[in-house]
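For reference, the structure is listed below as structure tokens.
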Amino acid sequence: MMYIQWLVHGRPDAIQPTQDAIEKSQQMIDKIQKDNSEKDNSDEKAWDEAVEYVSSLDPIFRDRVTKFAKNDWYRLRRTMEIAFTTMTLESNTNNTNNDDKTTNSNTTTTSLFSGIREGGLSVDDDDDLNSSNYDVRCFFLCPSDRMKHTSVLDKRCEEMLSRGLIQETTELVLTEQLPDMATKAIGYRQVLEYLNREQNGKDDGIEVLDQFINNFTTATRRY
């Protein structure tokens with residue numbers, strides 16, 4: 001659906017996030033999800049807290065995240081990455097222009113992330129930017145039995161593990177063939193966390209493996 005939106009409505013004006021912003025965003029989302037999991041809160045509460053946090057960064061990001069579908073963690077993380085990137089650029093700009101009292105703290109954010117798309121098929125030169133020449137609709141299949149659907153997803157994760165996901169990830173890391181983008185993908189990311197975990201000699205293999213599988217299946221269901 002995202003690619004259809006790009007084709008019809010145009011490319012977003014989002015800038016390329018910095019590596020620091022990417023890492024900071026992932027750490028923040030992991031912390032929110034972990035804190036709510038330890039409190040036995042629902043996924044919905046974790047999502048609401050994450051949306052509230054991003055909304056507090058700037059009104060332009062608040063307007064964006066409030067339109068996301070619930071548990072669309074990918075788009076939320078991407079927005080957070082852009083927010084942290086623009087905040088860093090904004091800080092650098094303000095430091096450079098300390099003597100300029102007319103500097104607006106929102107200038108950089110607004111100029112780098114206006115939310116306006118361009119280059120799409122849906123807008124004529126004389127048309128309003130929000131108009132569209134195409135009627136694009138998206139339909140989703142919703143399972144009647146959510147627990148049954150969850151069971152299917154869990155089984156799929158277990159099948160991936162039984163078919164060698166851990167071994168595959170290990171070989172890709174050792175041969176330096178694992179792309180950086182893949183390290184953030186569901187599955188690879190959880191395996192890497194499992195392989196890179198701290199071992200203190202008292203590590204209970206079964207217990208840690210169970211936790212890894214739980215993290216993997218939970219991330220899959222949230223996506």
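Just remember, in the structure tokens the first chain shown is A, the second B, etc., residues are 1-based per chain, and ligands are 1-based in the order shown.
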Shell of 10 Å around stretch 17-29 of chain A, only C-alpha atoms, local chain residues under 6 positions omitted, as number ranges by chain: A: 35, 46-47, 49-50, 53, 73, 76-88, 184
Atom CA of A:Ala219 and atom CA of A:Met147 are how many Å apart?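 Between these atoms lies a distance of 15.7 Å.
Atom CA of A:Lys45 is positioned 25.7 Å from atom CA of A:Phe139.
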Proximity to A:Leu165 - best of A:Ser42, A:Arg189, A:Gln177, A:Thr150, only C-alpha atoms: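 The closest residue to A:Leu165 is A:Arg189.
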Separating atom CA of A:Asn71 from atom CA of A:Tyr188, to the nearest tenth of an Å, is a gap of 20.0 Å
List the spatial neighbours of A:Asp48 as a ChimeraX atom specification - criterion: any atom at most 12 Å away, only C-alpha atoms, same-chain residues fewer than 4 positions off excluded. /A:29,32-33,36,41-44,52-55,65-66,68-73,76
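Of the residues under consideration (A:Asp135, A:Glu176, A:Asp154, A:Glu159), A:Asp154 shows the shortest atom-to-atom contact distance to A:Thr218 when counting only C-alpha atoms.
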Would you mind telling me which residue in A:Lys155, A:Arg75, A:Lys31, A:Arg64 lies nearest to A:Thr217 when using only C-alpha atoms?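 The answer is A:Lys155, which sits nearest to A:Thr217.
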